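Undergrad: Handing you this structure, nothing more for now.
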Amino acid sequence: MDTLRASAEVDLDALAHNLDRVRQRAGNARRLMLVAKADAYGLGAVAIAHHALRCGVSAIGVGTSFEALELLRGGVRAPILVLGTVVEEELLACLRNAVHIGLHSADRRASLQELARSLGLIAHVHLNVDTGMGRLGVPPERALELLDEVHASSHLRLAGVMSHVSSPDGGLDPATALQKARFDRFLEAARRRPCPTGWVHFANSAALFTGVEGDYDTVRTGIAAYGALPSHLPGARELLPVLSLRSQVVFLKDIPAGTPVGYGSHWRAPRPTRIATLSIGYDDGVPWRLGDQGEVLLRGRRAPLVGRVSMDYTTVDVGDIDGVQVGDAATLIGADGEQRISIEEVAERAGTIPYEVMCSVGKRVGRVYVGGEDLPRAPARRPPADPVQGPEPAERPENATAARTEPRPRARP
Ligand SMILES: *Cc1c(COP(=O)(O)O)cnc(C)c1O
């Protein structure tokens with residue numbers, strides 16, 4: 001069996017399916033920006049971005065300038081936006097590589113203009129209006145003023161205007177309507193200006209799947225594309241999970257009742273049983289808090305995780321499962337036969353959120369890309385003509401992606 005010590009299986013067909021659902025929610029005329037920060041929530045940003053672009057995504061959102069540069073080095077040719085901001089020291093690299101930057105303050109406008117002018121380059125900025133997130137972004141009452149300042153800056157180009165929804169419940173939370181009303185008021189005034197606003201983007205996954213509408217031309221989506229939208233949000237069931245986290249049994253041991261297992265002797269066998277040790281630990285993405293709380297799939301059945309999760313290993317009570325052998329695949333997230341453990345289940349048991357579970361999958365876990373052989377059907381309508389000059393390629397690197405996202409055979413346990 002082709003099971004690695006620990007592997008993150010990434011289903012590119014599920015990604016394509018989810019992007020299709022996102023596009024339907026967003027309306028065909030809309031532009032999709034795939035949010036691929038934190039290495040695409042742990043899935044591998046370069047491979048994910050390439051496949052998403054093949055599926056018709058128009059732009060990629062990232063968290064840091066280094067992430068943007070990694071995508072560029074990986075051959076990703078599409079506008080890339082650093083969604084939040086970058087520290088002063090990283091501005092130069094952004095400008096040189098035409099990476100778009102969120103503009104969150106008047107001071108930053110001034111320093112960007114100065115730097116861009118001295119380099120003879122144009123800085124592409126997306127004006128971030130803080131409509132209620134309370135983090136980065138200018139308050140709406142200052143935003144118009146800043147917009148005018150951007151338009152008056154010789155070396156700045158307004159590539160977009162944006163705001164970010166704070167509620168994880170999106171449109172189910174009245175606070176979101178308030179945010180949207182503030183954004184709309186700003187937008188109305190901005191559109192009366194002679195200069196174009198560039199892309200207009202507001203909705204994230206939760207907003208999109210709770211019917212937050214608006215005449216915005218771009219949506220930003222991360223968690224929905226990766227199939228881990230919380231299940232209480234309408235439409236979450238349309239999505240397919242992209243990530244499976246698997247490991248294997250590396251050791252089996254029969255123990256008498258009362259035997260302690262793991263750090264701190266936290267757990268003691270209540271009966272004679274068999275303990276399977278899995279070659280995956282908290283460094284690999286098994287939340288430490290899952291100790292004594294979690295379950296694992298082995299031979300299509302659920303087995304309780306017992307004792308503390310350690311850095312490299314996890315222990316499971318397999319006393320109730322016949323025939324477990326060293327080398328058996330163990331599924332910590334994903335499906336095995338009829339059974340499935342969702343990211344949401346893991347997050348709930350560990351007292352955290354699906355986002356954190358996803359991006360905690362460790363560096364040393366092999367990413368295995370499955371599917372992606374068939375291009376999904378093309379979007380019914382072309383997205384609107386792109387008013388923004390990003391680092392556009394001469395041609396779409398359709399074939400250039402093959403080397404990086406080389407589909408591997410499906411390795412199912
Ligand atoms: C992370 C992020 C998103 C994506 O959020 P999801 O909930 O994963 O869709 C969108 N916009 C901004 C500014 C972000 O930081």
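All residue names refer to the structure tokens as shown: chains lettered A, B, ... in order, residues numbered from 1 in each chain, ligands numbered from 1 in order.
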Env of Gly334 (chain A): 12 Å cut, atoms = only C-alpha atoms, seq-sep filter 6 positions within chain, self excluded. Answer as a compact mmCIF listing (two decimals) with C-alpha atoms, in the first residue's frame.
TA:
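So the final result, stored in selection-v2.txt, reads:
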```
# COMPACT_ATOMS: atom_id res chain seq x y z
CA SER A 7 0.25 12.41 4.23
CA ALA A 8 -2.15 15.17 3.35
CA GLU A 9 -4.19 13.98 0.42
CA VAL A 10 -5.48 16.91 -1.62
CA ASP A 11 -8.38 16.17 -3.95
CA GLY A 227 -14.61 22.25 1.39
CA ALA A 228 -14.49 23.04 5.08
CA LEU A 240 -16.72 18.41 -0.99
CA PRO A 241 -13.81 18.09 1.43
CA VAL A 242 -10.48 18.63 -0.28
CA LEU A 243 -8.16 17.50 2.51
CA SER A 244 -7.67 14.03 3.97
CA LEU A 245 -5.02 13.51 6.61
CA ARG A 246 -3.66 10.00 6.79
CA SER A 247 -0.96 8.03 8.51
CA GLU A 295 -11.18 9.25 16.87
CA VAL A 296 -9.32 7.71 13.96
CA LEU A 297 -10.53 5.49 11.11
CA LEU A 298 -8.89 2.11 10.78
CA GLY A 300 -13.31 1.50 7.92
CA ARG A 302 -13.74 4.36 14.32
CA ARG A 340 -15.84 9.85 7.51
CA ILE A 341 -14.17 12.20 9.97
CA SER A 342 -14.69 15.81 8.94
CA ILE A 343 -12.36 18.70 9.65
CA GLU A 344 -15.23 20.28 11.49
CA GLU A 345 -15.55 17.25 13.78
CA VAL A 346 -11.85 17.37 14.56
CA ARG A 412 -7.11 5.06 -1.07
CA PRO A 413 -6.68 2.95 1.99
```
Undergrad: Could you list, as an MDAnalysis selection string, all residues that come within 9 Å of ligand 1? Count only C-alpha atoms and all ligand atoms.
TA: chainID A and resid 33:37 41 61:63 82:84 102 128 162:165 168 201:208 219:226 228:229 355
Undergrad: With N, CA and C atoms kept, could you save the residues just selected as a JSON list (two decimals), in the first residue's frame?
TA:
```
[["chain", "number", "residue", "atom", "x", "y", "z"],
["A", 33, "MET", "N", -11.51, 35.39, -6.57],
["A", 33, "MET", "CA", -10.15, 35.46, -6.06],
["A", 33, "MET", "C", -10.02, 34.30, -5.06],
["A", 34, "LEU", "N", -9.12, 33.38, -5.37],
["A", 34, "LEU", "CA", -8.91, 32.28, -4.43],
["A", 34, "LEU", "C", -7.95, 32.74, -3.34],
["A", 35, "VAL", "N", -8.38, 32.60, -2.10],
["A", 35, "VAL", "CA", -7.52, 32.98, -0.99],
["A", 35, "VAL", "C", -6.62, 31.79, -0.66],
["A", 36, "ALA", "N", -5.34, 31.99, -0.86],
["A", 36, "ALA", "CA", -4.38, 30.89, -0.71],
["A", 36, "ALA", "C", -3.28, 31.26, 0.28],
["A", 37, "LYS", "N", -3.68, 32.02, 1.30],
["A", 37, "LYS", "CA", -2.69, 32.37, 2.32],
["A", 37, "LYS", "C", -2.34, 31.14, 3.14],
["A", 41, "TYR", "N", -4.02, 27.33, 3.07],
["A", 41, "TYR", "CA", -4.57, 26.69, 4.27],
["A", 41, "TYR", "C", -3.92, 25.32, 4.49],
["A", 61, "GLY", "N", -5.33, 35.52, -3.57],
["A", 61, "GLY", "CA", -5.08, 36.33, -2.38],
["A", 61, "GLY", "C", -4.14, 35.61, -1.45],
["A", 62, "VAL", "N", -3.18, 36.34, -0.89],
["A", 62, "VAL", "CA", -2.22, 35.73, 0.04],
["A", 62, "VAL", "C", -2.10, 36.59, 1.30],
["A", 63, "GLY", "N", -1.36, 36.07, 2.27],
["A", 63, "GLY", "CA", -1.24, 36.77, 3.53],
["A", 63, "GLY", "C", 0.02, 37.60, 3.66],
["A", 82, "VAL", "N", -1.76, 40.80, -1.70],
["A", 82, "VAL", "CA", -1.52, 40.59, -0.27],
["A", 82, "VAL", "C", -2.72, 41.23, 0.44],
["A", 83, "LEU", "N", -3.57, 40.39, 1.01],
["A", 83, "LEU", "CA", -4.89, 40.83, 1.46],
["A", 83, "LEU", "C", -4.84, 41.85, 2.58],
["A", 84, "GLY", "N", -3.92, 41.65, 3.50],
["A", 84, "GLY", "CA", -3.85, 42.54, 4.64],
["A", 84, "GLY", "C", -2.90, 43.67, 4.35],
["A", 102, "GLY", "N", -2.96, 45.42, -0.16],
["A", 102, "GLY", "CA", -4.06, 46.08, 0.53],
["A", 102, "GLY", "C", -3.55, 47.39, 1.11],
["A", 128, "ASN", "N", -8.59, 49.22, 1.48],
["A", 128, "ASN", "CA", -9.32, 48.40, 2.44],
["A", 128, "ASN", "C", -10.13, 49.31, 3.36],
["A", 162, "MET", "N", -12.03, 47.24, -1.18],
["A", 162, "MET", "CA", -12.43, 46.01, -0.49],
["A", 162, "MET", "C", -12.84, 46.29, 0.94],
["A", 163, "SER", "N", -13.57, 45.34, 1.49],
["A", 163, "SER", "CA", -13.80, 45.34, 2.93],
["A", 163, "SER", "C", -13.88, 43.87, 3.35],
["A", 164, "HIS", "N", -13.83, 43.62, 4.64],
["A", 164, "HIS", "CA", -13.78, 42.24, 5.11],
["A", 164, "HIS", "C", -14.85, 42.02, 6.17],
["A", 165, "VAL", "N", -15.63, 40.94, 5.98],
["A", 165, "VAL", "CA", -16.73, 40.62, 6.90],
["A", 165, "VAL", "C", -16.17, 39.96, 8.16],
["A", 168, "PRO", "N", -18.33, 35.07, 11.45],
["A", 168, "PRO", "CA", -18.18, 33.75, 10.83],
["A", 168, "PRO", "C", -19.52, 33.23, 10.31],
["A", 201, "HIS", "N", -14.52, 44.14, -3.92],
["A", 201, "HIS", "CA", -14.70, 42.85, -3.24],
["A", 201, "HIS", "C", -14.98, 42.98, -1.77],
["A", 202, "PHE", "N", -15.92, 42.17, -1.31],
["A", 202, "PHE", "CA", -16.45, 42.26, 0.04],
["A", 202, "PHE", "C", -16.63, 40.86, 0.65],
["A", 203, "ALA", "N", -17.27, 39.96, -0.10],
["A", 203, "ALA", "CA", -17.70, 38.68, 0.48],
["A", 203, "ALA", "C", -16.55, 37.70, 0.61],
["A", 204, "ASN", "N", -16.51, 37.00, 1.74],
["A", 204, "ASN", "CA", -15.67, 35.82, 1.92],
["A", 204, "ASN", "C", -16.59, 34.59, 1.82],
["A", 205, "SER", "N", -16.10, 33.43, 2.16],
["A", 205, "SER", "CA", -16.90, 32.21, 1.98],
["A", 205, "SER", "C", -18.21, 32.26, 2.76],
["A", 206, "ALA", "N", -18.12, 32.60, 4.03],
["A", 206, "ALA", "CA", -19.33, 32.58, 4.87],
["A", 206, "ALA", "C", -20.36, 33.56, 4.33],
["A", 207, "ALA", "N", -19.93, 34.74, 3.92],
["A", 207, "ALA", "CA", -20.86, 35.73, 3.39],
["A", 207, "ALA", "C", -21.52, 35.19, 2.12],
["A", 208, "LEU", "N", -20.69, 34.60, 1.27],
["A", 208, "LEU", "CA", -21.17, 34.10, -0.02],
["A", 208, "LEU", "C", -22.22, 33.01, 0.16],
["A", 219, "VAL", "N", -15.39, 38.12, -5.69],
["A", 219, "VAL", "CA", -15.54, 37.52, -4.36],
["A", 219, "VAL", "C", -14.22, 36.87, -3.98],
["A", 220, "ARG", "N", -13.96, 36.86, -2.67],
["A", 220, "ARG", "CA", -12.76, 36.19, -2.16],
["A", 220, "ARG", "C", -13.21, 34.94, -1.44],
["A", 221, "THR", "N", -12.65, 33.82, -1.84],
["A", 221, "THR", "CA", -13.06, 32.60, -1.17],
["A", 221, "THR", "C", -11.86, 31.73, -0.82],
["A", 222, "GLY", "N", -11.89, 31.22, 0.40],
["A", 222, "GLY", "CA", -10.84, 30.31, 0.85],
["A", 222, "GLY", "C", -11.48, 29.01, 1.31],
["A", 223, "ILE", "N", -12.01, 29.04, 2.51],
["A", 223, "ILE", "CA", -12.46, 27.81, 3.17],
["A", 223, "ILE", "C", -13.54, 27.06, 2.38],
["A", 224, "ALA", "N", -14.39, 27.77, 1.64],
["A", 224, "ALA", "CA", -15.42, 27.08, 0.85],
["A", 224, "ALA", "C", -14.77, 26.31, -0.29],
["A", 225, "ALA", "N", -13.77, 26.90, -0.92],
["A", 225, "ALA", "CA", -13.08, 26.21, -2.01],
["A", 225, "ALA", "C", -12.42, 24.94, -1.48],
["A", 226, "TYR", "N", -12.01, 24.99, -0.22],
["A", 226, "TYR", "CA", -11.31, 23.83, 0.35],
["A", 226, "TYR", "C", -12.29, 22.86, 1.03],
["A", 228, "ALA", "N", -14.42, 23.15, 3.63],
["A", 228, "ALA", "CA", -14.49, 23.04, 5.08],
["A", 228, "ALA", "C", -15.34, 24.16, 5.68],
["A", 229, "LEU", "N", -16.33, 24.59, 4.94],
["A", 229, "LEU", "CA", -17.23, 25.62, 5.46],
["A", 229, "LEU", "C", -18.05, 25.01, 6.60],
["A", 355, "TYR", "N", -10.34, 26.20, 10.20],
["A", 355, "TYR", "CA", -9.21, 26.92, 9.61],
["A", 355, "TYR", "C", -7.90, 26.53, 10.30]]
```
Undergrad: Rank nothing, just name the residue among A:Asp107, A:Asp284, A:Asp328, A:Gly371 nearest to Leu15 (chain A), using only C-alpha atoms.
TA: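 Of the candidates, the smallest distance to Leu15 (chain A) is held by A:Gly371.
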Undergrad: Can you list, as number ranges by chain, every residue of region 79-199 of chain A that DSSP puts in alpha helix (DSSP H)?
TA: A: 91-96, 106-119, 140-151, 174-191
Undergrad: Just give me the gap between CA of Asn97 (chain A) and CA of Gly42 (chain A) in Å, one decimal is fine.
TA: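 Computed distance, CA of Asn97 (chain A) to CA of Gly42 (chain A), equals 24.0 Å.
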Undergrad: From the set A:Ile275, A:Leu156, A:Val306, A:Ala350, which residue has the shortest atom-to-atom contact distance to Val326 (chain A), counting only C-alpha atoms?
TA: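 For Val326 (chain A), the nearest of the given residues is A:Ile275.
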Undergrad: Show me, as an MDAnalysis selection string, the residues that have an atom within 9 Å of Leu127 (chain A) when counting only C-alpha atoms, minus same-chain residues fewer than 2 positions from it.
TA: chainID A and resid 101:105 125 129 137:138 143 146:147 150 158:163
Undergrad: Enter the distance from CA of Leu12 (chain A) to CA of Val286 (chain A), in Å, rounded to one decimal.
TA: 22.5 Å
Undergrad: Considering only C-alpha atoms, return as a PyMOL selection string whatever protein or nucleic-acid residues lie within 10 Å of Leu71 (chain A), sequence-local ones (same chain, fewer than 2 positions apart) excluded.
TA: chain A and resi 36+39+45-47+49-50+60+62+65-69+73-78+80
